[in-house]
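The block underneath contains the structure these notes are about, expressed in structure tokens.
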Amino acid sequence: SVTVTFFNGDVKRTLADGTVIYYHCEAQTTHSTYPSGLEVVQFPNNQREKHHPDGTREISFPDGTVKILHCDGREESIFPDGTVVKISQHGEKMVEFANGQREIHTSQYKRRMYPDGTVKTVYTNGRQETKFSSGRVCIKNNEEKGKLEIASYDPFKHLSLTIY
């Protein structure tokens, strides 16, 4: 290996396999470039960034959170508690919680799905729908203040609609 020390305190080390490790003294960061094209930047706060040859970036934060920025515009964040947030290239967000609940955020609605099969959807106009695993459905319409519509369907009973 070859090591070069610069007047400003920076150090560049080139290993026999072609790996280049550059230490930036003032910023206290290490930038490693591997023969595969992978680049890794290590910051003094223990944040680490990996820049893959295909354009994908992976950022590991000191708290254990990992954020992946895909070259096609998708994003994925994995939190220490097991929560995973995925954002599509179109801006739709999917949140998967460790307790089994999932949320979808689009420009038209936000929807939460519970492990028991219940699904709650809130639309941008304020309308709320809750579909229970039993088949019962509740709808709250906020377009007219104070108006609440509850449509209930029980597979063993009749369909009923109540407007308050």
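By order in the structure tokens, chains are A, B, ...; within a chain, residues start at 1; ligands start at 1, following the order shown.
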Within 7 Å of A:Thr118 using only C-alpha atoms, minus same-chain residues under 5 positions, as a list in words: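 Within the cut-off, the hits are Met113, Lys131, Phe132 and Ser133 of chain A.
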Excluding same-chain residues fewer than 4 positions from A:Glu96, what lies within 9 Å of it counting only C-alpha atoms, as a JSON list (two decimals) with N, CA and C atoms, in the first residue's frame?
```json
[["chain", "number", "residue", "atom", "x", "y", "z"],
["A", 82, "GLY", "N", -38.46, -1.07, 14.10],
["A", 82, "GLY", "CA", -39.02, -2.00, 13.13],
["A", 82, "GLY", "C", -39.95, -1.35, 12.12],
["A", 83, "THR", "N", -40.27, -0.08, 12.29],
["A", 83, "THR", "CA", -41.12, 0.64, 11.34],
["A", 83, "THR", "C", -40.37, 0.82, 10.03],
["A", 84, "VAL", "N", -41.06, 0.57, 8.91],
["A", 84, "VAL", "CA", -40.47, 0.75, 7.59],
["A", 84, "VAL", "C", -41.34, 1.73, 6.81],
["A", 85, "VAL", "N", -40.72, 2.77, 6.24],
["A", 85, "VAL", "CA", -41.43, 3.75, 5.43],
["A", 85, "VAL", "C", -40.88, 3.65, 4.01],
["A", 86, "LYS", "N", -41.79, 3.44, 3.06],
["A", 86, "LYS", "CA", -41.39, 3.36, 1.65],
["A", 86, "LYS", "C", -42.12, 4.46, 0.89],
["A", 100, "GLY", "N", -47.85, -4.59, 13.05],
["A", 100, "GLY", "CA", -48.64, -5.18, 11.99],
["A", 100, "GLY", "C", -49.55, -4.20, 11.26],
["A", 101, "GLN", "N", -49.70, -2.98, 11.78],
["A", 101, "GLN", "CA", -50.52, -1.99, 11.09],
["A", 101, "GLN", "C", -49.75, -1.44, 9.89],
["A", 102, "ARG", "N", -50.51, -1.02, 8.86],
["A", 102, "ARG", "CA", -49.90, -0.42, 7.68],
["A", 102, "ARG", "C", -50.67, 0.84, 7.32],
["A", 103, "GLU", "N", -49.97, 1.81, 6.78],
["A", 103, "GLU", "CA", -50.61, 3.04, 6.30],
["A", 103, "GLU", "C", -50.17, 3.30, 4.87],
["A", 104, "ILE", "N", -51.11, 3.82, 4.07],
["A", 104, "ILE", "CA", -50.80, 4.26, 2.72],
["A", 104, "ILE", "C", -51.21, 5.72, 2.63]]
```
Within 6 Å of stretch 34-42 of chain A using only C-alpha atoms, minus same-chain residues under 4 positions, as a list in words: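 Near stretch 34-42 of chain A, the qualifying residues are Gly18, Thr19, Thr29, Thr30, Arg48, Glu49, Lys50, His51, His52 and Pro53 of chain A.
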Kindly provide the residues of stretch 73-117 of chain A that approach stretch 123-127 of chain A to within 12 Å, each paired with its closest atom pair and their distance in Å to one decimal, based on only C-alpha atoms, listed by chain and increasing number, as CSV.
```
residue,atom,partner,partner_atom,distance
A:Ile104,CA,A:Tyr123,CA,11.6
A:His105,CA,A:Tyr123,CA,10.0
A:Thr106,CA,A:Tyr123,CA,9.4
A:Ser107,CA,A:Thr124,CA,7.7
A:Gln108,CA,A:Thr124,CA,5.7
A:Tyr109,CA,A:Tyr123,CA,4.2
A:Lys110,CA,A:Tyr123,CA,6.4
A:Arg111,CA,A:Tyr123,CA,8.5
A:Arg112,CA,A:Tyr123,CA,11.8
```
Which of chain A fall in strand (DSSP E), as an NGL selection string: :A and (2-5 or 11-14 or 20-24 or 29-33 or 39-42 or 48-51 or 57-60 or 66-69 or 75-78 or 84-87 or 93-96 or 102-105 or 109-113 or 119-123 or 128-131 or 137-140 or 149-152 or 160-163)
Distance in Å - atom CA of A:Ala98 versus atom CA of A:Ile139: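 We find that atom CA of A:Ala98 and atom CA of A:Ile139 lie 27.8 Å from each other.
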Shell of 10 Å around A:Phe6, only C-alpha atoms, local chain residues under 5 positions omitted, as a list in words: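 That gives Val11, Lys12, His24 and Cys25 of chain A.
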Store the residues of this selection in a file with all heavy atoms, as a short mmCIF file (atom, residue, chain, number, x, y, z; two decimals), in the first residue's frame.
```cif
data_model
loop_
_atom_site.label_atom_id
_atom_site.label_comp_id
_atom_site.auth_asym_id
_atom_site.auth_seq_id
_atom_site.Cartn_x
_atom_site.Cartn_y
_atom_site.Cartn_z
N VAL A 11 -4.92 12.47 4.73
CA VAL A 11 -4.11 11.29 4.46
C VAL A 11 -4.83 10.45 3.38
O VAL A 11 -6.01 10.15 3.50
CB VAL A 11 -3.92 10.42 5.72
CG1 VAL A 11 -3.13 9.16 5.42
CG2 VAL A 11 -3.25 11.23 6.83
N LYS A 12 -4.05 10.09 2.34
CA LYS A 12 -4.58 9.24 1.27
C LYS A 12 -3.80 7.95 1.27
O LYS A 12 -2.58 7.95 1.18
CB LYS A 12 -4.45 9.93 -0.09
CG LYS A 12 -4.97 9.09 -1.24
CD LYS A 12 -4.80 9.84 -2.57
CE LYS A 12 -5.28 9.00 -3.73
NZ LYS A 12 -5.08 9.69 -5.01
N HIS A 24 -10.15 13.09 5.53
CA HIS A 24 -10.19 14.55 5.51
C HIS A 24 -10.03 15.02 6.96
O HIS A 24 -10.94 14.88 7.77
CB HIS A 24 -11.53 15.06 4.96
CG HIS A 24 -11.79 14.64 3.54
ND1 HIS A 24 -11.38 15.38 2.48
CD2 HIS A 24 -12.40 13.54 3.03
CE1 HIS A 24 -11.75 14.78 1.36
NE2 HIS A 24 -12.36 13.66 1.67
N CYS A 25 -8.86 15.56 7.24
CA CYS A 25 -8.50 15.92 8.62
C CYS A 25 -9.44 16.96 9.22
O CYS A 25 -9.95 16.78 10.32
CB CYS A 25 -7.05 16.42 8.65
SG CYS A 25 -6.47 16.80 10.31
#
```
Separation of atom CA of A:Thr3 from atom CA of A:Val20, in Å and rounded to one decimal: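 Here the two named atoms are 9.8 Å from each other.
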Selection: 7 Å around A:Lys67, only C-alpha atoms, excl. self and same-chain fewer than 5 positions, as a list in words: Glu58, Ile59, Ser60, Glu76, Ser77 and Ile78 of chain A
Residue nearest A:His90 - candidates A:Asn46, A:Ala27, A:Glu129, A:Glu75, atoms counted: only C-alpha atoms: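 Closest to A:His90, using only C-alpha atoms: A:Glu75.
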